[in-house]
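Undergrad: You'll find coords-v2.txt just under this line, and it carries compact mmCIF, all heavy atoms.
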# COMPACT_ATOMS: atom_id res chain seq x y z
N MET A 1 0.84 -1.18 0.00
CA MET A 1 0.00 0.00 0.00
C MET A 1 0.89 1.24 0.00
O MET A 1 1.87 1.30 0.72
CB MET A 1 -0.93 -0.02 1.21
CG MET A 1 -1.84 1.18 1.27
SD MET A 1 -2.96 1.11 2.68
CE MET A 1 -4.35 0.36 1.89
N LYS A 2 0.53 2.26 -0.80
CA LYS A 2 1.32 3.47 -0.90
C LYS A 2 1.13 4.35 0.33
O LYS A 2 0.02 4.50 0.82
CB LYS A 2 0.88 4.24 -2.15
CG LYS A 2 1.76 5.39 -2.49
CD LYS A 2 1.35 5.99 -3.83
CE LYS A 2 2.30 7.08 -4.21
NZ LYS A 2 1.95 7.69 -5.48
N GLU A 3 2.23 4.91 0.83
CA GLU A 3 2.16 5.77 2.01
C GLU A 3 1.61 7.14 1.64
O GLU A 3 2.02 7.74 0.65
CB GLU A 3 3.56 5.92 2.62
CG GLU A 3 3.54 6.63 3.94
CD GLU A 3 4.92 6.66 4.56
OE1 GLU A 3 5.65 5.66 4.45
OE2 GLU A 3 5.25 7.69 5.15
N VAL A 4 0.64 7.63 2.43
CA VAL A 4 0.01 8.91 2.19
C VAL A 4 0.66 9.94 3.12
O VAL A 4 0.80 9.69 4.32
CB VAL A 4 -1.51 8.84 2.46
CG1 VAL A 4 -2.17 10.18 2.29
CG2 VAL A 4 -2.15 7.78 1.58
N PRO A 5 1.08 11.12 2.58
CA PRO A 5 1.69 12.12 3.44
C PRO A 5 0.69 12.69 4.44
O PRO A 5 -0.51 12.74 4.15
CB PRO A 5 2.17 13.20 2.46
CG PRO A 5 1.47 12.94 1.19
CD PRO A 5 1.02 11.53 1.19
N PRO A 6 1.14 13.11 5.62
CA PRO A 6 0.24 13.69 6.61
C PRO A 6 -0.34 15.01 6.11
O PRO A 6 0.22 15.67 5.24
CB PRO A 6 1.13 13.91 7.84
CG PRO A 6 2.52 13.87 7.33
CD PRO A 6 2.51 13.08 6.07
N THR A 7 -1.49 15.39 6.67
CA THR A 7 -2.14 16.64 6.29
C THR A 7 -2.43 17.48 7.51
O THR A 7 -2.43 17.00 8.64
CB THR A 7 -3.47 16.37 5.55
OG1 THR A 7 -4.34 15.65 6.42
CG2 THR A 7 -3.26 15.56 4.28
N THR A 8 -2.74 18.77 7.26
CA THR A 8 -3.13 19.67 8.34
C THR A 8 -4.62 19.55 8.56
O THR A 8 -5.30 18.81 7.86
CB THR A 8 -2.79 21.13 7.98
OG1 THR A 8 -3.59 21.51 6.87
CG2 THR A 8 -1.32 21.32 7.67
N ALA A 9 -5.16 20.33 9.50
CA ALA A 9 -6.58 20.31 9.80
C ALA A 9 -7.41 20.70 8.58
O ALA A 9 -8.53 20.24 8.41
CB ALA A 9 -6.88 21.25 10.96
N LEU A 10 -6.87 21.53 7.70
CA LEU A 10 -7.60 21.97 6.52
C LEU A 10 -7.32 21.08 5.31
O LEU A 10 -7.80 21.34 4.22
CB LEU A 10 -7.27 23.42 6.18
CG LEU A 10 -7.71 24.45 7.22
CD1 LEU A 10 -7.27 25.83 6.81
CD2 LEU A 10 -9.21 24.41 7.42
N GLY A 11 -6.55 20.04 5.49
CA GLY A 11 -6.31 19.10 4.42
C GLY A 11 -5.08 19.38 3.58
O GLY A 11 -4.78 18.65 2.66
N ALA A 12 -4.33 20.43 3.88
CA ALA A 12 -3.12 20.74 3.11
C ALA A 12 -2.02 19.75 3.50
O ALA A 12 -1.89 19.38 4.65
CB ALA A 12 -2.67 22.17 3.40
N LYS A 13 -1.24 19.33 2.52
CA LYS A 13 -0.15 18.40 2.79
C LYS A 13 0.94 19.11 3.59
O LYS A 13 1.26 20.25 3.33
CB LYS A 13 0.42 17.86 1.49
CG LYS A 13 -0.55 16.96 0.76
CD LYS A 13 0.04 16.45 -0.52
CE LYS A 13 -0.99 15.61 -1.25
NZ LYS A 13 -0.54 15.16 -2.55
N THR A 14 1.47 18.41 4.57
CA THR A 14 2.55 18.98 5.36
C THR A 14 3.87 18.71 4.67
O THR A 14 4.03 17.75 3.95
CB THR A 14 2.57 18.38 6.78
OG1 THR A 14 2.68 16.97 6.68
CG2 THR A 14 1.32 18.76 7.55
N ASP A 15 4.82 19.59 4.90
CA ASP A 15 6.15 19.46 4.33
C ASP A 15 7.10 19.15 5.47
O ASP A 15 7.26 19.96 6.38
CB ASP A 15 6.53 20.77 3.63
CG ASP A 15 7.89 20.72 2.95
OD1 ASP A 15 8.62 19.73 3.13
OD2 ASP A 15 8.21 21.68 2.25
N PRO A 16 7.76 17.99 5.46
CA PRO A 16 8.66 17.63 6.57
C PRO A 16 9.82 18.60 6.72
O PRO A 16 10.42 18.66 7.78
CB PRO A 16 9.14 16.23 6.21
CG PRO A 16 8.81 16.02 4.78
CD PRO A 16 7.72 16.97 4.42
N GLU A 17 10.12 19.38 5.69
CA GLU A 17 11.23 20.34 5.76
C GLU A 17 10.79 21.65 6.42
O GLU A 17 11.63 22.46 6.77
CB GLU A 17 11.73 20.63 4.34
CG GLU A 17 12.14 19.40 3.57
CD GLU A 17 13.63 19.14 3.65
OE1 GLU A 17 14.38 20.10 3.82
OE2 GLU A 17 14.01 17.97 3.53
N ARG A 18 9.48 21.87 6.53
CA ARG A 18 8.95 23.11 7.12
C ARG A 18 8.41 22.86 8.51
O ARG A 18 7.85 21.81 8.77
CB ARG A 18 7.79 23.63 6.27
CG ARG A 18 8.17 24.62 5.24
CD ARG A 18 6.97 24.97 4.44
NE ARG A 18 6.44 26.25 4.86
CZ ARG A 18 5.54 26.90 4.18
NH1 ARG A 18 5.02 26.39 3.09
NH2 ARG A 18 5.11 28.05 4.59
N PRO A 19 8.53 23.85 9.40
CA PRO A 19 7.93 23.68 10.73
C PRO A 19 6.40 23.67 10.62
O PRO A 19 5.85 24.19 9.65
CB PRO A 19 8.42 24.91 11.51
CG PRO A 19 8.85 25.89 10.48
CD PRO A 19 9.22 25.12 9.25
N PRO A 20 5.71 23.07 11.57
CA PRO A 20 4.25 23.02 11.51
C PRO A 20 3.65 24.43 11.59
O PRO A 20 4.25 25.35 12.14
CB PRO A 20 3.85 22.20 12.73
CG PRO A 20 5.05 22.14 13.60
CD PRO A 20 6.25 22.42 12.74
N THR A 21 2.48 24.58 11.00
CA THR A 21 1.78 25.87 11.00
C THR A 21 1.24 26.15 12.39
O THR A 21 0.61 25.28 12.99
CB THR A 21 0.61 25.82 10.00
OG1 THR A 21 1.12 25.44 8.73
CG2 THR A 21 -0.08 27.15 9.88
N PRO A 22 1.45 27.37 12.92
CA PRO A 22 0.91 27.68 14.24
C PRO A 22 -0.62 27.73 14.22
O PRO A 22 -1.23 28.04 13.19
CB PRO A 22 1.50 29.05 14.57
CG PRO A 22 2.07 29.57 13.31
CD PRO A 22 2.23 28.45 12.36
N ALA A 23 -1.24 27.43 15.33
CA ALA A 23 -2.70 27.37 15.42
C ALA A 23 -3.34 28.70 15.06
O ALA A 23 -4.40 28.74 14.43
CB ALA A 23 -3.12 26.93 16.82
N TRP A 24 -2.72 29.82 15.45
CA TRP A 24 -3.33 31.12 15.17
C TRP A 24 -3.44 31.39 13.68
O TRP A 24 -4.35 32.08 13.22
CB TRP A 24 -2.60 32.26 15.88
CG TRP A 24 -1.14 32.36 15.55
CD1 TRP A 24 -0.11 31.85 16.28
CD2 TRP A 24 -0.55 32.99 14.41
NE1 TRP A 24 1.09 32.12 15.66
CE2 TRP A 24 0.85 32.84 14.50
CE3 TRP A 24 -1.05 33.68 13.32
CZ2 TRP A 24 1.73 33.33 13.57
CZ3 TRP A 24 -0.17 34.18 12.38
CH2 TRP A 24 1.20 34.00 12.51
N SER A 25 -2.55 30.82 12.87
CA SER A 25 -2.64 31.06 11.44
C SER A 25 -3.84 30.33 10.85
O SER A 25 -4.45 30.79 9.89
CB SER A 25 -1.35 30.65 10.72
OG SER A 25 -1.19 29.25 10.72
N GLU A 26 -4.20 29.19 11.42
CA GLU A 26 -5.41 28.48 10.99
C GLU A 26 -6.64 29.32 11.32
O GLU A 26 -7.60 29.36 10.54
CB GLU A 26 -5.50 27.10 11.65
CG GLU A 26 -4.36 26.17 11.30
CD GLU A 26 -4.35 25.77 9.83
OE1 GLU A 26 -5.41 25.75 9.19
OE2 GLU A 26 -3.25 25.46 9.32
N ASP A 27 -6.62 30.00 12.48
CA ASP A 27 -7.74 30.87 12.86
C ASP A 27 -7.89 32.02 11.88
O ASP A 27 -9.01 32.37 11.47
CB ASP A 27 -7.55 31.43 14.27
CG ASP A 27 -7.63 30.36 15.35
OD1 ASP A 27 -8.19 29.28 15.08
OD2 ASP A 27 -7.12 30.61 16.45
N ILE A 28 -6.77 32.62 11.49
CA ILE A 28 -6.80 33.73 10.52
C ILE A 28 -7.33 33.23 9.18
O ILE A 28 -8.16 33.89 8.54
CB ILE A 28 -5.41 34.36 10.37
CG1 ILE A 28 -5.02 35.08 11.66
CG2 ILE A 28 -5.37 35.31 9.17
CD1 ILE A 28 -3.60 35.56 11.70
N ARG A 29 -6.88 32.08 8.75
CA ARG A 29 -7.34 31.51 7.47
C ARG A 29 -8.85 31.25 7.51
O ARG A 29 -9.57 31.57 6.57
CB ARG A 29 -6.58 30.21 7.17
CG ARG A 29 -6.93 29.62 5.83
CD ARG A 29 -6.06 28.42 5.49
NE ARG A 29 -4.73 28.88 5.11
CZ ARG A 29 -3.61 28.60 5.77
NH1 ARG A 29 -3.62 27.83 6.82
NH2 ARG A 29 -2.45 29.06 5.35
N ALA A 30 -9.35 30.70 8.61
CA ALA A 30 -10.78 30.43 8.75
C ALA A 30 -11.57 31.74 8.74
O ALA A 30 -12.64 31.82 8.11
CB ALA A 30 -11.06 29.66 10.04
N TYR A 31 -11.07 32.78 9.41
CA TYR A 31 -11.74 34.08 9.43
C TYR A 31 -11.79 34.68 8.02
O TYR A 31 -12.81 35.19 7.59
CB TYR A 31 -11.00 35.02 10.39
CG TYR A 31 -11.63 36.39 10.49
CD1 TYR A 31 -12.76 36.58 11.27
CD2 TYR A 31 -11.10 37.48 9.80
CE1 TYR A 31 -13.35 37.84 11.35
CE2 TYR A 31 -11.68 38.72 9.88
CZ TYR A 31 -12.81 38.90 10.67
OH TYR A 31 -13.38 40.13 10.75
N TYR A 32 -10.70 34.58 7.29
CA TYR A 32 -10.64 35.09 5.92
C TYR A 32 -11.67 34.39 5.04
O TYR A 32 -12.41 35.02 4.29
CB TYR A 32 -9.24 34.91 5.33
CG TYR A 32 -9.20 35.21 3.85
CD1 TYR A 32 -9.14 36.52 3.40
CD2 TYR A 32 -9.28 34.18 2.92
CE1 TYR A 32 -9.13 36.80 2.04
CE2 TYR A 32 -9.28 34.46 1.56
CZ TYR A 32 -9.21 35.77 1.14
OH TYR A 32 -9.21 36.03 -0.21
N HIS A 33 -11.71 33.06 5.13
CA HIS A 33 -12.65 32.30 4.29
C HIS A 33 -14.09 32.65 4.65
O HIS A 33 -14.94 32.74 3.76
CB HIS A 33 -12.39 30.80 4.40
CG HIS A 33 -11.14 30.37 3.71
ND1 HIS A 33 -10.97 30.46 2.35
CD2 HIS A 33 -9.98 29.87 4.18
CE1 HIS A 33 -9.78 30.03 2.01
NE2 HIS A 33 -9.15 29.67 3.11
N ALA A 34 -14.38 32.84 5.93
CA ALA A 34 -15.74 33.22 6.34
C ALA A 34 -16.09 34.60 5.79
O ALA A 34 -17.20 34.82 5.29
CB ALA A 34 -15.86 33.20 7.86
N ALA A 35 -15.15 35.54 5.84
CA ALA A 35 -15.40 36.89 5.32
C ALA A 35 -15.57 36.87 3.81
O ALA A 35 -16.41 37.59 3.26
CB ALA A 35 -14.26 37.83 5.72
N ALA A 36 -14.82 36.02 3.12
CA ALA A 36 -14.91 35.94 1.66
C ALA A 36 -16.25 35.39 1.20
O ALA A 36 -16.68 35.67 0.08
CB ALA A 36 -13.77 35.08 1.12
N GLU A 37 -16.92 34.64 2.05
CA GLU A 37 -18.23 34.08 1.71
C GLU A 37 -19.38 35.06 1.95
O GLU A 37 -20.50 34.80 1.54
CB GLU A 37 -18.47 32.79 2.48
CG GLU A 37 -17.55 31.66 2.05
CD GLU A 37 -17.72 30.40 2.87
OE1 GLU A 37 -18.59 30.37 3.76
OE2 GLU A 37 -16.97 29.45 2.61
N GLU A 38 -19.10 36.17 2.63
CA GLU A 38 -20.14 37.17 2.89
C GLU A 38 -20.60 37.79 1.57
O GLU A 38 -19.78 38.02 0.68
CB GLU A 38 -19.61 38.28 3.80
CG GLU A 38 -19.35 37.85 5.22
CD GLU A 38 -20.63 37.65 6.00
OE1 GLU A 38 -21.58 38.44 5.83
OE2 GLU A 38 -20.68 36.69 6.78
N PRO A 39 -21.88 38.11 1.44
CA PRO A 39 -22.35 38.75 0.21
C PRO A 39 -21.83 40.19 0.10
O PRO A 39 -21.55 40.84 1.12
CB PRO A 39 -23.87 38.73 0.35
CG PRO A 39 -24.13 38.63 1.81
CD PRO A 39 -22.96 37.87 2.39
N VAL A 40 -21.70 40.67 -1.13
CA VAL A 40 -21.27 42.05 -1.37
C VAL A 40 -22.46 42.97 -1.06
O VAL A 40 -23.56 42.73 -1.55
CB VAL A 40 -20.82 42.23 -2.83
CG1 VAL A 40 -20.49 43.67 -3.14
CG2 VAL A 40 -19.63 41.33 -3.13
N PRO A 41 -22.26 44.02 -0.26
CA PRO A 41 -23.37 44.95 0.03
C PRO A 41 -23.90 45.58 -1.26
O PRO A 41 -23.13 45.90 -2.17
CB PRO A 41 -22.73 46.00 0.94
CG PRO A 41 -21.52 45.35 1.51
CD PRO A 41 -21.05 44.38 0.47
N GLN A 42 -25.20 45.75 -1.33
CA GLN A 42 -25.83 46.29 -2.54
C GLN A 42 -25.31 47.68 -2.87
O GLN A 42 -25.11 48.02 -4.03
CB GLN A 42 -27.36 46.30 -2.40
CG GLN A 42 -28.07 46.64 -3.70
CD GLN A 42 -27.74 45.65 -4.81
OE1 GLN A 42 -27.77 44.45 -4.62
NE2 GLN A 42 -27.41 46.17 -5.99
N ASP A 43 -25.08 48.52 -1.86
CA ASP A 43 -24.55 49.87 -2.11
C ASP A 43 -23.21 49.81 -2.84
O ASP A 43 -22.94 50.59 -3.74
CB ASP A 43 -24.37 50.64 -0.79
CG ASP A 43 -25.68 50.99 -0.12
OD1 ASP A 43 -26.74 50.88 -0.78
OD2 ASP A 43 -25.65 51.37 1.07
N PHE A 44 -22.35 48.87 -2.44
CA PHE A 44 -21.05 48.73 -3.08
C PHE A 44 -21.20 48.23 -4.52
O PHE A 44 -20.54 48.73 -5.43
CB PHE A 44 -20.18 47.77 -2.27
CG PHE A 44 -18.79 47.64 -2.80
CD1 PHE A 44 -17.87 48.67 -2.63
CD2 PHE A 44 -18.38 46.50 -3.47
CE1 PHE A 44 -16.57 48.55 -3.13
CE2 PHE A 44 -17.10 46.38 -3.97
CZ PHE A 44 -16.20 47.42 -3.79
N ALA A 45 -22.09 47.27 -4.72
CA ALA A 45 -22.34 46.76 -6.07
C ALA A 45 -22.87 47.87 -6.97
O ALA A 45 -22.46 47.98 -8.14
CB ALA A 45 -23.31 45.59 -6.02
N ASP A 46 -23.76 48.71 -6.45
CA ASP A 46 -24.30 49.84 -7.22
C ASP A 46 -23.19 50.83 -7.58
O ASP A 46 -23.13 51.33 -8.71
CB ASP A 46 -25.40 50.56 -6.43
CG ASP A 46 -26.64 49.70 -6.22
OD1 ASP A 46 -26.80 48.69 -6.94
OD2 ASP A 46 -27.43 50.04 -5.33
N LEU A 47 -22.31 51.11 -6.62
CA LEU A 47 -21.21 52.03 -6.88
C LEU A 47 -20.28 51.47 -7.96
O LEU A 47 -19.88 52.20 -8.87
CB LEU A 47 -20.41 52.27 -5.59
CG LEU A 47 -19.18 53.14 -5.70
CD1 LEU A 47 -19.55 54.55 -6.17
CD2 LEU A 47 -18.44 53.20 -4.37
N MET A 48 -19.98 50.19 -7.90
CA MET A 48 -19.13 49.57 -8.91
C MET A 48 -19.79 49.63 -10.29
O MET A 48 -19.12 49.86 -11.30
CB MET A 48 -18.81 48.12 -8.55
CG MET A 48 -17.93 47.96 -7.34
SD MET A 48 -16.24 48.52 -7.62
CE MET A 48 -16.25 50.10 -6.84
N ALA A 49 -21.11 49.47 -10.35
CA ALA A 49 -21.84 49.55 -11.62
C ALA A 49 -21.76 50.97 -12.19
O ALA A 49 -21.58 51.15 -13.40
CB ALA A 49 -23.29 49.12 -11.43
N GLN A 50 -21.89 51.97 -11.33
CA GLN A 50 -21.79 53.37 -11.78
C GLN A 50 -20.39 53.65 -12.34
O GLN A 50 -20.25 54.28 -13.38
CB GLN A 50 -22.07 54.33 -10.63
CG GLN A 50 -23.52 54.38 -10.22
CD GLN A 50 -23.73 55.29 -9.01
OE1 GLN A 50 -22.77 55.84 -8.45
NE2 GLN A 50 -24.97 55.42 -8.58
N ILE A 51 -19.38 53.18 -11.65
CA ILE A 51 -18.00 53.40 -12.11
C ILE A 51 -17.77 52.68 -13.44
O ILE A 51 -17.16 53.24 -14.35
CB ILE A 51 -16.99 52.91 -11.04
CG1 ILE A 51 -17.06 53.83 -9.82
CG2 ILE A 51 -15.59 52.86 -11.59
CD1 ILE A 51 -16.30 53.33 -8.61
N ALA A 52 -18.29 51.47 -13.56
CA ALA A 52 -18.12 50.71 -14.81
C ALA A 52 -18.78 51.45 -15.98
O ALA A 52 -18.23 51.48 -17.09
CB ALA A 52 -18.71 49.31 -14.66
N LYS A 53 -19.93 52.06 -15.75
CA LYS A 53 -20.61 52.82 -16.80
C LYS A 53 -19.76 54.02 -17.23
O LYS A 53 -19.65 54.32 -18.40
CB LYS A 53 -21.97 53.31 -16.33
CG LYS A 53 -23.04 52.24 -16.33
CD LYS A 53 -24.37 52.82 -15.87
CE LYS A 53 -25.42 51.74 -15.75
NZ LYS A 53 -26.68 52.27 -15.24
N GLN A 54 -19.18 54.71 -16.25
CA GLN A 54 -18.36 55.89 -16.54
C GLN A 54 -17.09 55.50 -17.30
O GLN A 54 -16.66 56.20 -18.19
CB GLN A 54 -18.01 56.64 -15.26
CG GLN A 54 -19.20 57.34 -14.64
CD GLN A 54 -18.84 58.06 -13.36
OE1 GLN A 54 -17.69 58.02 -12.90
NE2 GLN A 54 -19.82 58.72 -12.76
N ILE A 55 -16.50 54.39 -16.95
CA ILE A 55 -15.29 53.94 -17.63
C ILE A 55 -15.62 53.52 -19.05
O ILE A 55 -14.83 53.74 -19.96
CB ILE A 55 -14.63 52.79 -16.84
CG1 ILE A 55 -14.05 53.30 -15.54
CG2 ILE A 55 -13.55 52.12 -17.67
CD1 ILE A 55 -13.53 52.24 -14.62
N GLY A 56 -16.79 52.94 -19.24
CA GLY A 56 -17.19 52.44 -20.53
C GLY A 56 -17.51 53.54 -21.54
O GLY A 56 -17.58 53.31 -22.74
N LYS A 57 -17.67 54.79 -21.09
CA LYS A 57 -18.01 55.90 -22.00
C LYS A 57 -16.88 56.25 -22.91
O LYS A 57 -15.76 56.15 -22.70
CB LYS A 57 -18.41 57.13 -21.19
CG LYS A 57 -19.78 56.99 -20.57
CD LYS A 57 -20.17 58.28 -19.90
CE LYS A 57 -21.58 58.19 -19.35
NZ LYS A 57 -21.99 59.38 -18.69
Output the structure of this file as structure tokens.
TA:
Amino acid sequence: MKEVPPTTALGAKTDPERPPTPAWSEDIRAYYHAAAEEPVPQDFADLMAQIAKQIGK
């Protein structure tokens, strides 16, 4: 059976040449991913549409 390399909590392969990732960096990564899933506020989307129209002129 082929040996499978170890993974981190998020499934990334670990590199034996690199030190393990500190726990706080996993927290930051989780916070970033949660923020990235938030919807774009309608006011911001409207502003971007206005700017796109002006650039397109």
Undergrad: Can you work out the spacing between CZ3 of Trp24 in chain A and CD1 of Phe44 in chain A in Å, to one decimal?
TA: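 Going from CZ3 of Trp24 in chain A over to CD1 of Phe44 in chain A, I get 27.4 Å.
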Undergrad: Can you tell me how far atom C of Asp27 in chain A sits from atom N of Pro39 in chain A, in Å to one decimal?
TA: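 Separation of atom C of Asp27 in chain A and atom N of Pro39 in chain A: 18.5 Å.
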Undergrad: Suppose you want the space between NE of Arg18 in chain A and CG of Glu38 in chain A; what is it in Å?
TA: 28.3 Å
